[in-house]
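model21.txt (compact mmCIF, C-alpha atoms)
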```txt
# COMPACT_ATOMS: atom_id res chain seq x y z
CA MET T 698 -96.55 -4.78 -85.41
CA PRO T 699 -95.72 -8.39 -86.34
CA GLN T 700 -97.58 -11.17 -84.57
CA SER T 701 -95.75 -13.56 -82.29
CA PRO T 702 -95.07 -17.03 -83.72
CA VAL T 703 -97.06 -18.55 -80.85
CA LYS T 704 -100.13 -16.42 -81.71
CA MET T 705 -99.81 -17.31 -85.39
CA MET T 706 -99.55 -21.01 -84.48
CA LEU T 707 -102.65 -20.84 -82.32
CA ASP T 708 -104.61 -18.79 -84.87
CA ALA T 709 -103.80 -21.33 -87.58
CA ALA T 710 -104.59 -24.27 -85.32
CA PHE T 711 -108.00 -22.83 -84.47
CA GLY T 712 -108.78 -21.60 -87.99
CA ARG T 713 -108.67 -17.94 -86.93
CA GLN T 714 -106.75 -16.73 -89.93
CA GLN T 715 -107.07 -13.19 -91.19
CA PRO T 716 -107.53 -12.47 -94.90
CA GLY T 717 -104.14 -12.36 -96.55
CA SER T 718 -102.47 -14.37 -93.79
CA ALA T 719 -101.00 -17.86 -93.92
CA SER T 720 -101.94 -20.02 -96.87
CA GLY T 721 -103.35 -23.51 -96.49
CA THR T 722 -99.84 -24.91 -96.81
CA ASP T 723 -98.61 -22.57 -94.06
CA ALA T 724 -101.58 -23.56 -91.91
CA ALA T 725 -100.72 -27.23 -92.34
CA ALA T 726 -97.12 -26.52 -91.36
CA LEU T 727 -98.26 -24.57 -88.31
CA GLN T 728 -100.63 -27.41 -87.40
CA ALA T 729 -97.65 -29.77 -87.47
CA VAL T 730 -95.69 -27.37 -85.25
CA ALA T 731 -98.63 -27.22 -82.83
CA GLU T 732 -98.79 -31.01 -82.68
CA ALA T 733 -95.04 -31.23 -82.05
CA ALA T 734 -95.30 -28.60 -79.32
CA ALA T 735 -98.13 -30.57 -77.69
CA VAL T 736 -96.05 -33.76 -77.71
CA TRP T 737 -93.07 -31.88 -76.24
CA TRP T 738 -95.23 -30.32 -73.55
CA MET T 739 -96.93 -33.58 -72.58
CA ALA T 740 -93.54 -35.30 -72.31
CA ARG T 741 -92.56 -32.71 -69.66
CA ARG T 742 -95.50 -33.59 -67.39
CA PRO T 743 -94.24 -34.62 -63.96
CA ASP T 744 -94.76 -38.26 -62.97
CA GLY T 745 -98.11 -38.78 -61.31
CA TRP T 746 -99.66 -35.54 -62.58
CA SER T 747 -103.01 -35.67 -64.35
CA LEU T 748 -103.60 -33.68 -67.50
CA GLU T 749 -105.80 -31.29 -65.52
CA ARG T 750 -103.05 -30.62 -62.99
CA HIS T 751 -100.53 -30.03 -65.79
CA LEU T 752 -102.95 -27.65 -67.52
CA ALA T 753 -103.25 -25.75 -64.23
CA ASP T 754 -99.44 -25.42 -64.03
CA PRO T 755 -98.31 -25.67 -67.66
CA THR T 756 -94.83 -24.20 -67.23
CA VAL T 757 -93.54 -26.73 -64.70
CA HIS T 758 -90.04 -27.91 -65.66
CA CYS T 759 -89.53 -24.97 -68.04
CA GLU T 760 -86.09 -23.43 -67.87
CA ASP T 761 -86.50 -20.07 -69.63
CA ASP T 762 -89.06 -17.61 -70.96
CA HIS T 763 -89.16 -19.22 -74.41
CA GLU T 764 -90.00 -22.61 -72.96
CA ARG T 765 -92.63 -21.02 -70.70
CA GLN T 766 -94.24 -19.27 -73.68
CA LEU T 767 -94.29 -22.47 -75.71
CA ALA T 768 -95.59 -24.52 -72.77
CA ALA T 769 -98.38 -22.04 -72.06
CA ALA T 770 -99.37 -21.93 -75.75
CA ALA T 771 -99.33 -25.73 -76.04
CA ALA T 772 -101.46 -26.03 -72.90
CA ARG T 773 -104.01 -23.51 -74.25
CA TRP T 774 -104.14 -25.39 -77.55
CA ILE T 775 -104.59 -28.75 -75.81
CA SER T 776 -107.27 -27.41 -73.48
CA HIS T 777 -109.26 -26.08 -76.46
CA ARG T 778 -109.05 -29.48 -78.20
CA LYS T 779 -110.49 -31.34 -75.20
```
Will you turn the file into structure tokens for me?
Amino acid sequence: MPQSPVKMMLDAAFGRQQPGSASGTDAAALQAVAEAAAVWWMARRPDGWSLERHLADPTVHCEDDHERQLAAAAARWISHRK
């Protein structure tokens, strides 16, 4: 079964690549996608909310399942970088 793009992004961002998976170039591209997703997610933070509050409710202001998946993945990635 193919992996989800979000899982591949997170695996690459955290260096959890499996043998035969994404090359270094792919990992760099996925890292750039992860950074862009983090910027997008942080821009959606409601006024007055702390990072901790946004991490506790990462899907606020999301309009569909795709945005919720991306927001949740970006929040997990950001919380692991803290």
Take atom CA of T:Asp744 and atom CA of T:Ser776 and report the distance between them in Å, one decimal.
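So the two atoms, atom CA of T:Asp744 and atom CA of T:Ser776, lie 19.6 Å apart.
Atom CA of T:His751 to atom CA of T:Met739 spans 8.5 Å [interatomic distance, one decimal].
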Residues around (-91.9, -29.4, -83.6), cut-off 12 Å, counting only C-alpha atoms - what are they as a count of residues only?
16
In the coordinate frame of the file, compute which residues have an atom within 12 Å of (-90.7, -23.5, -73.1) when using all atoms listed in the file, and state them as a PDB file with C-alpha atoms, in the coordinates of the input.
```
ATOM      1  CA  VAL T 703     -97.060 -18.550 -80.850  1.00  0.00           C
ATOM      2  CA  ALA T 734     -95.300 -28.600 -79.320  1.00  0.00           C
ATOM      3  CA  ALA T 735     -98.130 -30.570 -77.690  1.00  0.00           C
ATOM      4  CA  TRP T 737     -93.070 -31.880 -76.240  1.00  0.00           C
ATOM      5  CA  TRP T 738     -95.230 -30.320 -73.550  1.00  0.00           C
ATOM      6  CA  MET T 739     -96.930 -33.580 -72.580  1.00  0.00           C
ATOM      7  CA  ARG T 741     -92.560 -32.710 -69.660  1.00  0.00           C
ATOM      8  CA  PRO T 755     -98.310 -25.670 -67.660  1.00  0.00           C
ATOM      9  CA  THR T 756     -94.830 -24.200 -67.230  1.00  0.00           C
ATOM     10  CA  VAL T 757     -93.540 -26.730 -64.700  1.00  0.00           C
ATOM     11  CA  HIS T 758     -90.040 -27.910 -65.660  1.00  0.00           C
ATOM     12  CA  CYS T 759     -89.530 -24.970 -68.040  1.00  0.00           C
ATOM     13  CA  GLU T 760     -86.090 -23.430 -67.870  1.00  0.00           C
ATOM     14  CA  ASP T 761     -86.500 -20.070 -69.630  1.00  0.00           C
ATOM     15  CA  ASP T 762     -89.060 -17.610 -70.960  1.00  0.00           C
ATOM     16  CA  HIS T 763     -89.160 -19.220 -74.410  1.00  0.00           C
ATOM     17  CA  GLU T 764     -90.000 -22.610 -72.960  1.00  0.00           C
ATOM     18  CA  ARG T 765     -92.630 -21.020 -70.700  1.00  0.00           C
ATOM     19  CA  GLN T 766     -94.240 -19.270 -73.680  1.00  0.00           C
ATOM     20  CA  LEU T 767     -94.290 -22.470 -75.710  1.00  0.00           C
ATOM     21  CA  ALA T 768     -95.590 -24.520 -72.770  1.00  0.00           C
ATOM     22  CA  ALA T 769     -98.380 -22.040 -72.060  1.00  0.00           C
ATOM     23  CA  ALA T 770     -99.370 -21.930 -75.750  1.00  0.00           C
ATOM     24  CA  ALA T 771     -99.330 -25.730 -76.040  1.00  0.00           C
ATOM     25  CA  ALA T 772    -101.460 -26.030 -72.900  1.00  0.00           C
TER      26      ALA T 772
END
```
So the first atom is atom CA of T:Asp754 and the second is atom CA of T:Ile775; what is the distance between them in Å, to one decimal place?
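Value for the atom CA of T:Asp754-atom CA of T:Ile775 distance: 13.3 Å.
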